[in-house]
Structure formats: structure tokens, C-alpha cells
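Coordinates as given in run33.cif (mmCIF, C-alpha atoms and all ligand atoms):
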```cif
data_query
#
loop_
_atom_site.label_atom_id
_atom_site.label_comp_id
_atom_site.auth_asym_id
_atom_site.auth_seq_id
_atom_site.Cartn_x
_atom_site.Cartn_y
_atom_site.Cartn_z
CA MET A 1 -14.26 15.04 -32.82
CA LYS A 2 -15.42 16.63 -29.58
CA PRO A 3 -15.87 20.41 -29.75
CA PHE A 4 -13.09 22.44 -28.15
CA THR A 5 -12.03 26.05 -27.76
CA TYR A 6 -8.73 27.36 -29.07
CA ALA A 7 -6.68 30.31 -27.84
CA ALA A 8 -3.25 31.57 -28.87
CA ALA A 9 -1.23 32.53 -25.82
CA SER A 10 0.67 35.80 -25.85
CA SER A 11 3.17 35.05 -23.07
CA LEU A 12 4.62 32.17 -21.10
CA GLU A 13 2.71 33.41 -18.02
CA ASP A 14 -0.51 33.17 -20.06
CA VAL A 15 0.31 29.59 -21.00
CA VAL A 16 1.05 28.46 -17.44
CA GLY A 17 -2.10 30.22 -16.17
CA ALA A 18 -4.23 28.59 -18.89
CA LEU A 19 -2.77 25.12 -18.18
CA ASP A 20 -3.45 25.57 -14.48
CA GLU A 21 -7.09 26.23 -15.37
CA GLY A 22 -7.33 23.00 -17.40
CA CYS A 23 -6.30 24.01 -20.94
CA ARG A 24 -4.02 21.57 -22.81
CA PRO A 25 -0.99 22.81 -24.77
CA LEU A 26 -0.85 22.53 -28.56
CA ALA A 27 2.47 22.78 -30.42
CA GLY A 28 2.80 21.33 -33.96
CA GLY A 29 -0.39 19.30 -33.45
CA THR A 30 0.97 16.29 -35.36
CA ASP A 31 0.15 13.92 -32.50
CA LEU A 32 -2.49 15.62 -30.38
CA LEU A 33 -4.88 16.49 -33.22
CA GLY A 34 -4.82 12.91 -34.54
CA LEU A 35 -5.68 11.59 -31.08
CA MET A 36 -8.52 14.11 -30.80
CA LYS A 37 -9.91 13.08 -34.20
CA THR A 38 -10.04 9.44 -33.15
CA GLY A 39 -11.51 10.31 -29.74
CA ILE A 40 -8.60 8.94 -27.68
CA ARG A 41 -8.03 12.41 -26.22
CA GLY A 42 -10.75 15.01 -25.84
CA PRO A 43 -9.50 18.23 -24.25
CA GLU A 44 -12.17 20.92 -24.06
CA ARG A 45 -9.71 23.79 -24.30
CA LEU A 46 -6.46 24.13 -26.21
CA VAL A 47 -3.84 26.82 -25.83
CA SER A 48 -1.40 27.20 -28.72
CA LEU A 49 2.26 27.71 -27.86
CA LYS A 50 3.29 28.71 -31.37
CA SER A 51 3.37 32.49 -30.76
CA ILE A 52 5.66 32.32 -27.69
CA GLU A 53 9.08 33.60 -28.74
CA ALA A 54 10.68 32.46 -25.47
CA LEU A 55 10.15 28.85 -26.61
CA GLU A 56 12.03 29.28 -29.90
CA GLY A 57 15.61 28.92 -31.03
CA VAL A 58 18.76 26.87 -30.52
CA GLU A 59 21.35 28.71 -28.48
CA ARG A 60 24.98 27.70 -28.02
CA ARG A 61 26.24 28.63 -24.57
CA GLU A 62 29.56 28.33 -22.77
CA ASP A 63 28.57 25.05 -21.11
CA GLY A 64 26.22 23.57 -23.69
CA TRP A 65 23.08 24.02 -25.76
CA ARG A 66 19.65 25.39 -24.99
CA ILE A 67 17.07 24.09 -27.44
CA GLY A 68 13.72 25.90 -27.24
CA ALA A 69 10.67 23.63 -26.94
CA LEU A 70 9.25 24.89 -30.27
CA THR A 71 12.38 23.95 -32.23
CA THR A 72 11.20 21.69 -35.02
CA LEU A 73 12.70 18.32 -35.85
CA SER A 74 13.67 19.77 -39.26
CA GLU A 75 15.71 22.47 -37.55
CA LEU A 76 17.43 19.88 -35.38
CA ALA A 77 18.08 17.67 -38.40
CA SER A 78 19.46 20.33 -40.72
CA PRO A 79 23.21 20.36 -41.29
CA ALA A 80 24.41 22.66 -38.56
CA ARG A 81 27.10 25.25 -38.27
CA GLY A 82 30.58 24.73 -36.84
CA GLY A 83 30.84 22.76 -33.61
CA GLU A 84 27.10 22.14 -33.43
CA GLN A 85 27.37 19.49 -36.11
CA ARG A 86 29.88 17.41 -34.16
CA GLU A 87 28.56 18.12 -30.68
CA LEU A 88 24.92 17.38 -31.47
CA GLU A 89 25.51 14.80 -34.21
CA VAL A 90 23.63 12.02 -32.41
CA LEU A 91 20.60 14.29 -31.91
CA SER A 92 20.69 15.62 -35.49
CA ARG A 93 20.74 12.07 -36.86
CA ALA A 94 17.88 10.97 -34.59
CA ALA A 95 15.79 13.97 -35.68
CA ALA A 96 16.66 13.40 -39.36
CA GLU A 97 15.47 9.80 -39.13
CA SER A 98 12.17 10.67 -37.43
CA ALA A 99 8.82 10.57 -39.26
CA SER A 100 8.78 12.25 -42.70
CA PRO A 101 9.95 15.65 -44.06
CA GLN A 102 6.46 17.17 -43.80
CA LEU A 103 6.00 15.97 -40.23
CA ARG A 104 9.47 17.13 -39.21
CA ASN A 105 8.63 20.64 -40.44
CA ALA A 106 5.69 20.85 -38.00
CA ALA A 107 6.74 18.57 -35.13
CA THR A 108 8.44 20.31 -32.20
CA ILE A 109 10.95 18.82 -29.78
CA GLY A 110 8.64 19.59 -26.80
CA GLY A 111 5.74 17.75 -28.43
CA ASN A 112 8.04 14.95 -29.54
CA LEU A 113 9.06 14.17 -25.95
CA LEU A 114 5.42 14.26 -24.88
CA GLN A 115 3.97 12.31 -27.79
CA TRP A 116 1.62 9.51 -26.80
CA PRO A 117 2.39 5.78 -27.09
CA ARG A 118 1.91 4.16 -30.49
CA CYS A 119 0.67 0.88 -28.98
CA TRP A 120 -2.25 -0.18 -31.15
CA TYR A 121 -4.33 -1.19 -28.13
CA PHE A 122 -3.88 2.32 -26.72
CA ARG A 123 -4.62 4.04 -30.06
CA ASN A 124 -7.73 1.96 -30.83
CA TRP A 125 -10.81 3.69 -29.47
CA LEU A 126 -12.63 0.34 -29.10
CA THR A 127 -10.16 -1.20 -26.66
CA ARG A 128 -9.77 -0.45 -22.98
CA CYS A 129 -6.21 -1.37 -22.15
CA TRP A 130 -4.53 -0.90 -18.75
CA LEU A 131 -3.11 2.47 -19.85
CA LYS A 132 -6.66 3.67 -20.55
CA GLY A 133 -8.01 2.43 -17.21
CA GLY A 134 -8.70 -1.22 -18.13
CA ASP A 135 -7.63 -4.10 -15.91
CA ARG A 136 -4.75 -5.48 -18.02
CA CYS A 137 -2.24 -4.83 -20.78
CA LEU A 138 -3.82 -6.31 -23.90
CA ALA A 139 -0.45 -6.61 -25.65
CA ALA A 140 0.88 -9.05 -23.05
CA GLY A 141 -1.28 -11.88 -24.39
CA GLY A 142 -2.08 -10.33 -27.78
CA GLU A 143 -0.35 -8.78 -30.79
CA ASN A 144 2.94 -7.72 -29.28
CA ARG A 145 5.63 -7.69 -31.95
CA TYR A 146 6.32 -3.96 -31.51
CA HIS A 147 6.26 -3.99 -27.72
CA ALA A 148 8.77 -3.75 -24.86
CA ILE A 149 11.46 -6.25 -23.94
CA LEU A 150 12.97 -4.27 -21.07
CA GLY A 151 11.55 -2.87 -17.84
CA ALA A 152 7.88 -3.64 -18.58
CA ALA A 153 5.50 -4.60 -15.77
CA ARG A 154 1.82 -3.61 -16.05
CA CYS A 155 2.12 -2.03 -19.52
CA HIS A 156 4.27 -3.12 -22.47
CA MET A 157 4.22 0.02 -24.60
CA VAL A 158 7.47 1.46 -25.94
CA HIS A 159 8.24 5.17 -26.11
CA PRO A 160 8.09 6.21 -29.77
CA SER A 161 10.50 9.17 -29.77
CA ASP A 162 13.84 8.99 -31.62
CA PRO A 163 15.22 12.32 -30.33
CA ALA A 164 14.54 11.28 -26.70
CA VAL A 165 16.97 8.36 -27.09
CA ALA A 166 19.70 10.67 -28.40
CA LEU A 167 19.01 13.25 -25.69
CA ALA A 168 19.42 10.56 -23.01
CA ALA A 169 22.82 9.65 -24.51
CA LEU A 170 23.78 13.34 -24.33
CA ASP A 171 22.71 13.51 -20.67
CA ALA A 172 20.21 16.27 -21.51
CA ARG A 173 17.80 17.94 -19.11
CA VAL A 174 14.23 19.02 -19.74
CA GLU A 175 13.33 22.47 -18.45
CA LEU A 176 9.76 22.86 -17.22
CA ARG A 177 7.86 25.92 -16.10
CA GLY A 178 4.72 25.80 -13.98
CA VAL A 179 2.84 27.91 -11.46
CA HIS A 180 5.44 27.09 -8.81
CA GLY A 181 8.42 28.13 -10.96
CA VAL A 182 11.04 26.38 -13.06
CA ARG A 183 12.57 22.94 -12.61
CA THR A 184 14.91 20.83 -14.71
CA LEU A 185 14.89 17.05 -14.94
CA LYS A 186 17.30 14.58 -16.47
CA ILE A 187 15.72 12.63 -19.33
CA ASP A 188 15.72 9.46 -17.19
CA ALA A 189 13.75 11.21 -14.45
CA PHE A 190 11.46 12.97 -16.94
CA PHE A 191 10.05 9.69 -18.28
CA GLY A 192 8.28 8.00 -15.39
CA GLU A 193 6.76 4.55 -15.37
CA PRO A 194 3.54 4.17 -17.39
CA LYS A 195 0.51 5.00 -15.23
CA PRO A 196 -3.12 4.41 -16.17
CA LEU A 197 -4.97 7.48 -17.42
CA ARG A 198 -1.98 9.66 -16.71
CA GLU A 199 -1.86 12.84 -18.74
CA ASN A 200 1.21 11.41 -20.51
CA GLY A 201 4.01 8.94 -19.78
CA THR A 202 6.14 11.52 -18.00
CA VAL A 203 6.28 13.31 -14.67
CA VAL A 204 5.07 16.63 -16.17
CA GLU A 205 2.36 18.23 -14.02
CA ARG A 206 -0.85 19.63 -15.51
CA ASP A 207 0.24 23.24 -15.07
CA GLU A 208 3.70 22.72 -16.56
CA VAL A 209 5.00 23.54 -20.01
CA ILE A 210 8.32 22.33 -21.44
CA THR A 211 10.30 25.49 -22.13
CA ALA A 212 13.57 23.98 -23.39
CA VAL A 213 15.89 21.02 -23.54
CA VAL A 214 19.35 21.72 -22.16
CA VAL A 215 22.29 19.67 -23.45
CA PRO A 216 25.66 19.82 -21.68
CA ARG A 217 28.45 20.38 -24.18
CA PRO A 218 30.22 17.09 -24.98
CA SER A 219 34.03 17.20 -24.64
CA ARG A 220 36.23 17.71 -27.71
CA GLU A 221 37.11 14.01 -27.61
CA SER A 222 33.47 12.89 -27.66
CA ARG A 223 31.54 11.59 -30.71
CA GLY A 224 28.05 10.19 -31.12
CA VAL A 225 26.03 8.10 -33.60
CA TYR A 226 22.40 7.07 -33.93
CA VAL A 227 21.35 3.79 -35.52
CA LYS A 228 17.66 3.26 -36.24
CA LEU A 229 16.24 -0.05 -37.42
CA ALA A 230 12.71 0.15 -38.81
CA GLU A 231 10.55 -1.62 -41.36
CA ARG A 232 10.61 1.43 -43.68
CA LYS A 233 13.28 4.09 -44.21
CA VAL A 234 10.82 6.96 -43.75
CA TRP A 235 7.57 7.64 -41.90
CA ASP A 236 8.13 4.78 -39.52
CA PHE A 237 8.88 4.30 -35.85
CA ALA A 238 11.96 2.41 -34.66
CA LEU A 239 11.66 -1.31 -34.08
CA VAL A 240 14.86 -0.72 -32.17
CA SER A 241 17.38 2.10 -32.09
CA ALA A 242 20.69 2.84 -30.39
CA ALA A 243 22.20 6.20 -29.50
CA VAL A 244 25.85 5.86 -28.56
CA GLN A 245 28.08 8.72 -27.40
CA ILE A 246 31.69 7.91 -26.62
CA GLU A 247 34.67 9.89 -25.38
CA MET A 248 38.14 8.52 -26.23
CA THR A 249 41.42 9.69 -24.80
CA GLU A 250 44.78 8.21 -25.76
CA GLY A 251 43.25 5.16 -27.38
CA ALA A 252 40.88 4.19 -24.56
CA VAL A 253 37.20 4.88 -23.93
CA THR A 254 36.96 7.35 -21.04
CA ASP A 255 33.19 7.82 -21.09
CA ALA A 256 30.36 5.90 -22.78
CA ALA A 257 26.60 6.37 -23.02
CA ILE A 258 24.62 3.59 -24.72
CA VAL A 259 20.87 4.16 -24.89
CA LEU A 260 18.31 1.95 -26.63
CA GLY A 261 15.01 3.05 -28.17
CA GLY A 262 11.98 0.93 -29.13
CA VAL A 263 12.57 -1.54 -26.30
CA ALA A 264 11.04 0.09 -23.20
CA ALA A 265 8.56 2.70 -22.02
CA LYS A 266 11.43 5.18 -21.92
CA PRO A 267 14.88 5.53 -23.47
CA TRP A 268 16.74 2.56 -21.99
CA HIS A 269 20.22 3.20 -20.60
CA ALA A 270 22.32 0.06 -21.11
CA PHE A 271 24.58 0.59 -18.10
CA GLU A 272 26.09 -2.88 -18.23
CA ALA A 273 27.16 -2.36 -21.84
CA GLU A 274 28.71 1.00 -20.99
CA GLY A 275 30.73 -0.70 -18.22
CA ARG A 276 32.19 -3.15 -20.77
CA LEU A 277 33.68 -0.29 -22.81
CA VAL A 278 35.14 2.17 -20.31
CA GLY A 279 38.92 1.74 -20.05
CA GLU A 280 39.04 -0.36 -23.26
CA ALA A 281 40.12 0.37 -26.83
CA LEU A 282 37.35 -0.05 -29.43
CA THR A 283 38.45 -3.55 -30.38
CA GLY A 284 36.20 -6.25 -31.80
CA THR A 285 36.23 -8.05 -28.45
CA ALA A 286 35.23 -4.98 -26.42
CA MET A 287 32.53 -4.01 -28.90
CA GLU A 288 31.11 -7.53 -28.94
CA ALA A 289 31.05 -7.64 -25.13
CA ALA A 290 29.21 -4.31 -25.01
CA ALA A 291 26.69 -5.35 -27.69
CA SER A 292 25.84 -8.60 -25.88
CA ALA A 293 25.51 -6.80 -22.54
CA ALA A 294 23.16 -4.15 -23.98
CA THR A 295 20.08 -6.32 -23.56
CA ALA A 296 20.90 -7.64 -20.08
CA GLY A 297 17.63 -8.37 -18.28
CA ALA A 298 15.52 -8.47 -21.47
CA VAL A 299 12.32 -10.52 -21.34
CA SER A 300 10.44 -11.11 -24.57
CA LEU A 301 6.73 -11.66 -25.17
CA SER A 302 5.34 -14.21 -27.65
CA GLN A 303 6.16 -12.17 -30.80
CA ASN A 304 8.96 -9.74 -29.97
CA GLY A 305 11.96 -11.96 -29.17
CA TYR A 306 13.61 -10.74 -32.40
CA LYS A 307 14.14 -7.36 -30.72
CA ILE A 308 16.88 -8.78 -28.50
CA GLU A 309 19.09 -9.69 -31.45
CA LEU A 310 18.13 -6.48 -33.24
CA ALA A 311 19.08 -4.28 -30.26
CA GLU A 312 22.44 -5.99 -29.92
CA GLY A 313 22.97 -5.54 -33.66
CA ALA A 314 22.12 -1.81 -33.43
CA VAL A 315 24.72 -1.31 -30.68
CA ARG A 316 27.31 -3.33 -32.64
CA GLU A 317 26.68 -1.21 -35.75
CA ALA A 318 26.86 2.05 -33.76
CA LEU A 319 30.20 1.03 -32.24
CA ARG A 320 31.60 0.04 -35.64
CA ARG A 321 30.66 3.45 -37.02
CA LEU A 322 32.33 5.13 -34.05
CA GLN A 323 35.43 3.00 -34.55
CA ARG A 324 35.65 4.38 -38.10
CA THR A 325 35.05 7.93 -36.86
CA PHE A 326 37.80 7.79 -34.26
CA GLY A 327 40.17 6.05 -36.69
CA SER A 328 43.08 3.74 -35.94
CA GLU A 329 43.74 5.33 -32.52
CA SER A 330 40.48 3.80 -31.21
CA THR A 331 41.57 0.20 -31.73
CA GLY A 332 44.80 0.68 -29.80
CA VAL A 333 46.71 -0.06 -33.03
CA GLY A 334 49.00 2.53 -34.62
C1 LIG B 1 3.03 9.09 -39.34
C2 LIG B 1 3.89 9.52 -38.20
C3 LIG B 1 5.20 9.01 -38.10
C4 LIG B 1 6.01 9.41 -37.04
N1 LIG B 1 7.26 8.90 -36.94
C5 LIG B 1 8.07 9.28 -35.90
C6 LIG B 1 9.39 8.77 -35.77
O1 LIG B 1 9.86 8.00 -36.60
N2 LIG B 1 10.14 9.20 -34.71
C7 LIG B 1 9.66 10.08 -33.78
O2 LIG B 1 10.38 10.44 -32.84
N3 LIG B 1 8.40 10.55 -33.88
C8 LIG B 1 7.61 10.19 -34.91
N4 LIG B 1 6.34 10.69 -35.03
C9 LIG B 1 5.82 11.51 -33.95
C10 LIG B 1 6.07 12.97 -34.19
O3 LIG B 1 7.45 13.22 -34.11
C11 LIG B 1 5.31 13.69 -33.07
O4 LIG B 1 3.94 13.63 -33.43
C12 LIG B 1 5.73 15.13 -32.91
O5 LIG B 1 7.09 15.22 -32.57
C13 LIG B 1 4.90 15.79 -31.82
O6 LIG B 1 5.25 17.15 -31.79
P1 LIG B 1 4.13 18.28 -31.97
O7 LIG B 1 4.81 19.59 -31.83
O8 LIG B 1 3.34 18.08 -33.21
O9 LIG B 1 3.25 17.94 -30.68
P2 LIG B 1 1.68 18.08 -30.45
O10 LIG B 1 0.94 17.07 -31.24
O11 LIG B 1 1.26 19.50 -30.56
O12 LIG B 1 1.65 17.69 -28.89
C14 LIG B 1 1.96 16.38 -28.46
C15 LIG B 1 1.72 16.33 -26.94
O13 LIG B 1 2.67 17.15 -26.27
C16 LIG B 1 2.04 18.19 -25.53
N5 LIG B 1 2.94 19.34 -25.70
C17 LIG B 1 3.44 19.81 -26.87
N6 LIG B 1 4.36 20.76 -26.63
C18 LIG B 1 4.44 20.92 -25.30
C19 LIG B 1 5.23 21.73 -24.43
N7 LIG B 1 6.16 22.59 -24.89
N8 LIG B 1 5.04 21.62 -23.08
C20 LIG B 1 4.12 20.76 -22.58
N9 LIG B 1 3.36 19.95 -23.36
C21 LIG B 1 3.52 20.01 -24.69
C22 LIG B 1 0.66 18.32 -26.13
O14 LIG B 1 -0.29 18.81 -25.19
C23 LIG B 1 0.36 16.86 -26.52
O15 LIG B 1 -0.10 16.12 -25.40
C24 LIG B 1 5.52 10.34 -36.08
C25 LIG B 1 4.23 10.86 -36.19
C26 LIG B 1 3.42 10.46 -37.23
C27 LIG B 1 2.04 11.04 -37.33
#
```
What does this structure look like when you write it as C-alpha cells?
Ligand SMILES: Cc1cc2nc3c(=O)[nH]c(=O)nc-3n(C[C@H](O)[C@H](O)[C@H](O)COP(=O)(O)OP(=O)(O)OC[C@H]3O[C@@H](n4cnc5c(N)ncnc54)[C@H](O)[C@@H]3O)c2cc1C
Amino acid sequence: MKPFTYAAASSLEDVVGALDEGCRPLAGGTDLLGLMKTGIRGPERLVSLKSIEALEGVERREDGWRIGALTTLSELASPARGGEQRELEVLSRAAAESASPQLRNAATIGGNLLQWPRCWYFRNWLTRCWLKGGDRCLAAGGENRYHAILGAARCHMVHPSDPAVALAALDARVELRGVHGVRTLKIDAFFGEPKPLRENGTVVERDEVITAVVVPRPSRESRGVYVKLAERKVWDFALVSAAVQIEMTEGAVTDAAIVLGGVAAKPWHAFEAEGRLVGEALTGTAMEAAASAATAGAVSLSQNGYKIELAEGAVREALRRLQRTFGSESTGVG
């Protein structure tokens, strides 16, 4: 491991100043320290965020939720009080199904959104893939069973975060603070296209720190579910996942968000599938149409064609669970 200096910041201003001078932020350390040990990342200076109170806590406001960047996945996953449980159900489930209990106790939501790709060509210190400045994506013609089927061009990595998929379905924003002030970005805008040697797969600037994630409050008629399909039940990343948030009024879907994980370099909004549901009851026909449309435009590599069927299955399962949650009203019967 390369030598580095470590400082604990005492205020948010300190953090932003330190980042502007080239320090890198450290939160739970569950991703960054592993990458430093294997030599994939080698920051010379780290600034710890853990003592900054302004980054802590989950706050329920009139118009939604403000989730501090240091909120751990365990906190997000724990059975919540009152309306929080229903309103943030999709996020709680995604957090609960992430990693392992020990990791969830340390991992923060800020670090989770900025975790690095799990692509084995990226994580192997011997390889020089496109993302690390090489001339091509080694997965394209190599071992690619865990790679992208949607939206990939020069790089076929998938974003590993479960909570990011749920946050996209909740239309959340990421709040960032840097030397030029505060800005908020929708999850879609936050995750940019993969770029070689970029600090991370997002549009975060070097001097910026994530301060919070802001979730607009879903309507009383809205419900969400998260379905994760992985090789193991714990300590494993999604092969494919689906976060689905649906609002139903008088037996018809009035709003739908269907977001896929494990299929693209960012949470993948299945707009075509959403369009198949709005205005419909949750009947078998409507759900089937939405599930088949979820992978519109998918292109598989030599080993990951199974993900198309899996993604459609995840959406189908999510819709079935929602059908049960909404009860007989959702099918237009009774
Ligand atoms: C074995 C294993 C299994 C896992 N399984 C899953 C899984 O199933 N689902 C899932 O979603 N994740 C999974 N993870 C990933 C885990 O959730 C992340 O490692 C964790 O969320 C990162 O958070 P952290 O606080 O430890 O971040 P750190 O490791 O401290 O930081 C990660 C990155 O984010 C930056 N950063 C951190 N906080 C901020 C901030 N507030 N502002 C700006 N930059 C910041 C750091 O500089 C670094 O580049 C797994 C990890 C492991 C090791």
C-alpha cells in the first residue's frame, strides 16, 4: 500500500478546502481502503468525513426526506418509524439486501453511490482496461458474464450499488457541496457515462463532497418494491435488480418508475416499460407487457445474454408483489 496522510476534518468547510487541495474523502472505507491495498487507487492524502455532524441523520420534512451522506446502510435498512417505512420501503429493502451486516454497519450512502466498479478487469492491478487508460474494454471480448447489456459503448462495467437503483425509482437528488457552493443533481444526471481515469463514474468534481440525498415524499397512493437477483443471498452484488415504485388511483396506475440495476453503468430507467403501465390496472397482460418492454434496446455480450430474461423476470416479480400490496383494487376487479 502506498503511504498516505490522514486527517479528520472538523467542519464541512475544512473538507471542501482539503478536497480542493487534492485530499480524497474517506467515509466508511469499505471500498476505498480495499482499492488502496490492491494499488488500484493511491491517494496521497485522505480526509475523514466521519466527524462532520452536518453529514449525519435522516430527517423527515414537509416535502420529503433528507438523508445525510454519512447515514449507514444499516440505518437505512432498519425497520423505520411510521410513514418512513412505507414511503422509503424500496430504499430500505435495497439497503437491507446490500453486502453483509458488518459491511452495512460501516458503509455510508455517500460512499455507496461513489463506490468503484466491480468489473474484474478494473479491479485487477495487472490489467490495463479502457477505464484505467488502456485502449479497449477487456470485458467486451473476454469474461463478461457480469457485465452490461444496456447503454454500453466503450466500457461494459455495471454500477454495483443497490441503493442507487432504489433512489432513482424515488426520483431522488444528490446534494453536493464544493468551493463554488451547493448544487443538487437528479440520480440520472449524477451518474455520467464511464470515462477513462475519471475520479469516479459520476459527475462529482474533485472539490465536491456529497452532503445528502434528498428524496421527494411519495404520494399516499404510492408503493415501492425492490427485487434483487444474485448468486448468493448475502455478501453479493446483483446480477440484476429492479426497483419499482407505483402510484395507483381508482384502480389504475397513475405514475410508474421502473429502474433496473446490474445491467448498465448507471441505474437504468426502463421508460418504455413505465409507459406500458400508466393508465392500466395491474393485470397479468399489463404486467407482462411492462416486463417484456423493460429490456428494450438490450444488447448482450458472449456470456451475459441470460441477463435479459433475468431482468424481465425481476420486473415481473416486482409487479406481482405490488399487485398483492395494492390488493384487488389494482387488478380492476372488485
Ligand atoms: C464484499 C462486499 C460486498 C458488497 N456488496 C454490495 C451490495 O450487494 N450492494 C451494494 O450496493 N454495495 C455492496 N458493496 C459495496 C459497499 O456498499 C460500499 O463499499 C460502501 O457502500 C461504500 O461506502 P463507504 O462509506 O465505505 O465508502 P468509502 O469506501 O469510504 O468511499 C468510497 C468512495 O466514495 C468517496 N466518498 C465517500 N463518501 C463521500 C462523500 N460524502 N462525498 C464525496 N465522496 C465520498 C470516497 O472518496 C471513495 O472514492 C459491497 C462491498 C463489499 C466489500
Residues within 8 Å of ligand LIG 1 (chain B) (only C-alpha atoms and all ligand atoms), as a ChimeraX atom specification?
/A:24-34,49,55,69-70,72-73,94-95,97-100,103-104,106-116,160-164,176,199-200,204,208-212,234-238
Hey, can you spit out that residue selection with C-alpha atoms as a compact mmCIF listing (two decimals), in the coordinates of the input?
```txt
# COMPACT_ATOMS: atom_id res chain seq x y z
CA ARG A 24 -4.02 21.57 -22.81
CA PRO A 25 -0.99 22.81 -24.77
CA LEU A 26 -0.85 22.53 -28.56
CA ALA A 27 2.47 22.78 -30.42
CA GLY A 28 2.80 21.33 -33.96
CA GLY A 29 -0.39 19.30 -33.45
CA THR A 30 0.97 16.29 -35.36
CA ASP A 31 0.15 13.92 -32.50
CA LEU A 32 -2.49 15.62 -30.38
CA LEU A 33 -4.88 16.49 -33.22
CA GLY A 34 -4.82 12.91 -34.54
CA LEU A 49 2.26 27.71 -27.86
CA LEU A 55 10.15 28.85 -26.61
CA ALA A 69 10.67 23.63 -26.94
CA LEU A 70 9.25 24.89 -30.27
CA THR A 72 11.20 21.69 -35.02
CA LEU A 73 12.70 18.32 -35.85
CA ALA A 94 17.88 10.97 -34.59
CA ALA A 95 15.79 13.97 -35.68
CA GLU A 97 15.47 9.80 -39.13
CA SER A 98 12.17 10.67 -37.43
CA ALA A 99 8.82 10.57 -39.26
CA SER A 100 8.78 12.25 -42.70
CA LEU A 103 6.00 15.97 -40.23
CA ARG A 104 9.47 17.13 -39.21
CA ALA A 106 5.69 20.85 -38.00
CA ALA A 107 6.74 18.57 -35.13
CA THR A 108 8.44 20.31 -32.20
CA ILE A 109 10.95 18.82 -29.78
CA GLY A 110 8.64 19.59 -26.80
CA GLY A 111 5.74 17.75 -28.43
CA ASN A 112 8.04 14.95 -29.54
CA LEU A 113 9.06 14.17 -25.95
CA LEU A 114 5.42 14.26 -24.88
CA GLN A 115 3.97 12.31 -27.79
CA TRP A 116 1.62 9.51 -26.80
CA PRO A 160 8.09 6.21 -29.77
CA SER A 161 10.50 9.17 -29.77
CA ASP A 162 13.84 8.99 -31.62
CA PRO A 163 15.22 12.32 -30.33
CA ALA A 164 14.54 11.28 -26.70
CA LEU A 176 9.76 22.86 -17.22
CA GLU A 199 -1.86 12.84 -18.74
CA ASN A 200 1.21 11.41 -20.51
CA VAL A 204 5.07 16.63 -16.17
CA GLU A 208 3.70 22.72 -16.56
CA VAL A 209 5.00 23.54 -20.01
CA ILE A 210 8.32 22.33 -21.44
CA THR A 211 10.30 25.49 -22.13
CA ALA A 212 13.57 23.98 -23.39
CA VAL A 234 10.82 6.96 -43.75
CA TRP A 235 7.57 7.64 -41.90
CA ASP A 236 8.13 4.78 -39.52
CA PHE A 237 8.88 4.30 -35.85
CA ALA A 238 11.96 2.41 -34.66
```
Segment 203-295 of chain A residues near segment 309-322 of chain A within 7 Å, closest pair each, using all atoms listed in the file, as a Markdown table:
```
| residue | atom | partner | partner_atom | distance |
| --- | --- | --- | --- | --- |
| A:Val225 | CA | A:Ala318 | CA | 6.1 |
| A:Tyr226 | CA | A:Ala318 | CA | 6.7 |
| A:Val227 | CA | A:Ala314 | CA | 6.0 |
| A:Val240 | CA | A:Ala311 | CA | 5.8 |
| A:Ser241 | CA | A:Ala314 | CA | 6.3 |
| A:Ala242 | CA | A:Ala314 | CA | 5.7 |
| A:Val244 | CA | A:Ala318 | CA | 6.5 |
| A:Met287 | CA | A:Arg316 | CA | 6.5 |
| A:Glu288 | CA | A:Arg316 | CA | 6.8 |
| A:Ala291 | CA | A:Glu312 | CA | 4.8 |
| A:Ser292 | CA | A:Glu312 | CA | 5.9 |
| A:Ala294 | CA | A:Glu312 | CA | 6.3 |
| A:Thr295 | CA | A:Glu312 | CA | 6.8 |
```
Report, in Å to a single decimal, how far apart atom CA of Glu56 of chain A and atom CA of Ser74 of chain A are.
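A separation of 13.4 Å between them.
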Proximity to Ala139 of chain A - best of A:Ser302, A:Ser330, A:Thr285, A:Gln323, all atoms listed in the file
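Of A:Ser302, A:Ser330, A:Thr285, A:Gln323, the one nearest Ala139 of chain A, counting all atoms listed in the file, is A:Ser302.
Residue nearest Val47 of chain A within the list A:Ser78, A:Phe4, A:Ala96, A:Leu35: A:Phe4 [criterion: smallest interatomic distance, only C-alpha atoms].
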Quick one: everything within 10 Å of Asp171 of chain A, counting all atoms listed in the file, minus sequence neighbours fewer than 6 positions away in the same chain. Send it as number ranges by chain.
A: 186-188, 214-218, 245, 257
Point-to-point distance in Å for atom CA of Leu282 of chain A and atom CA of Gly327 of chain A
9.9 Å
Find the spatial neighbours of segment 120-127 of chain A, counting all atoms listed in the file, within a cut-off of 12 Å - ignore same-chain residues fewer than 5 positions away - and output them as a PyMOL selection string.
chain A and resi 31-32+34-42+132-147+155-158+196-197
Straight-line distance linking atom CA of Arg223 of chain A with atom CA of Ala166 of chain A, stated in Å to one decimal:
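For atom CA of Arg223 of chain A relative to atom CA of Ala166 of chain A, the distance reads 12.1 Å.
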Option closest in space to Ser92 of chain A, from A:Asn105, A:Asp20, A:Glu175, A:Leu167 [counting all atoms listed in the file]
A:Leu167
Nearest candidate to Leu12 of chain A (options A:Tyr306, A:Arg177, A:Arg86, A:Arg61; using only C-alpha atoms)
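Under the stated criterion, the closest residue is A:Arg177.
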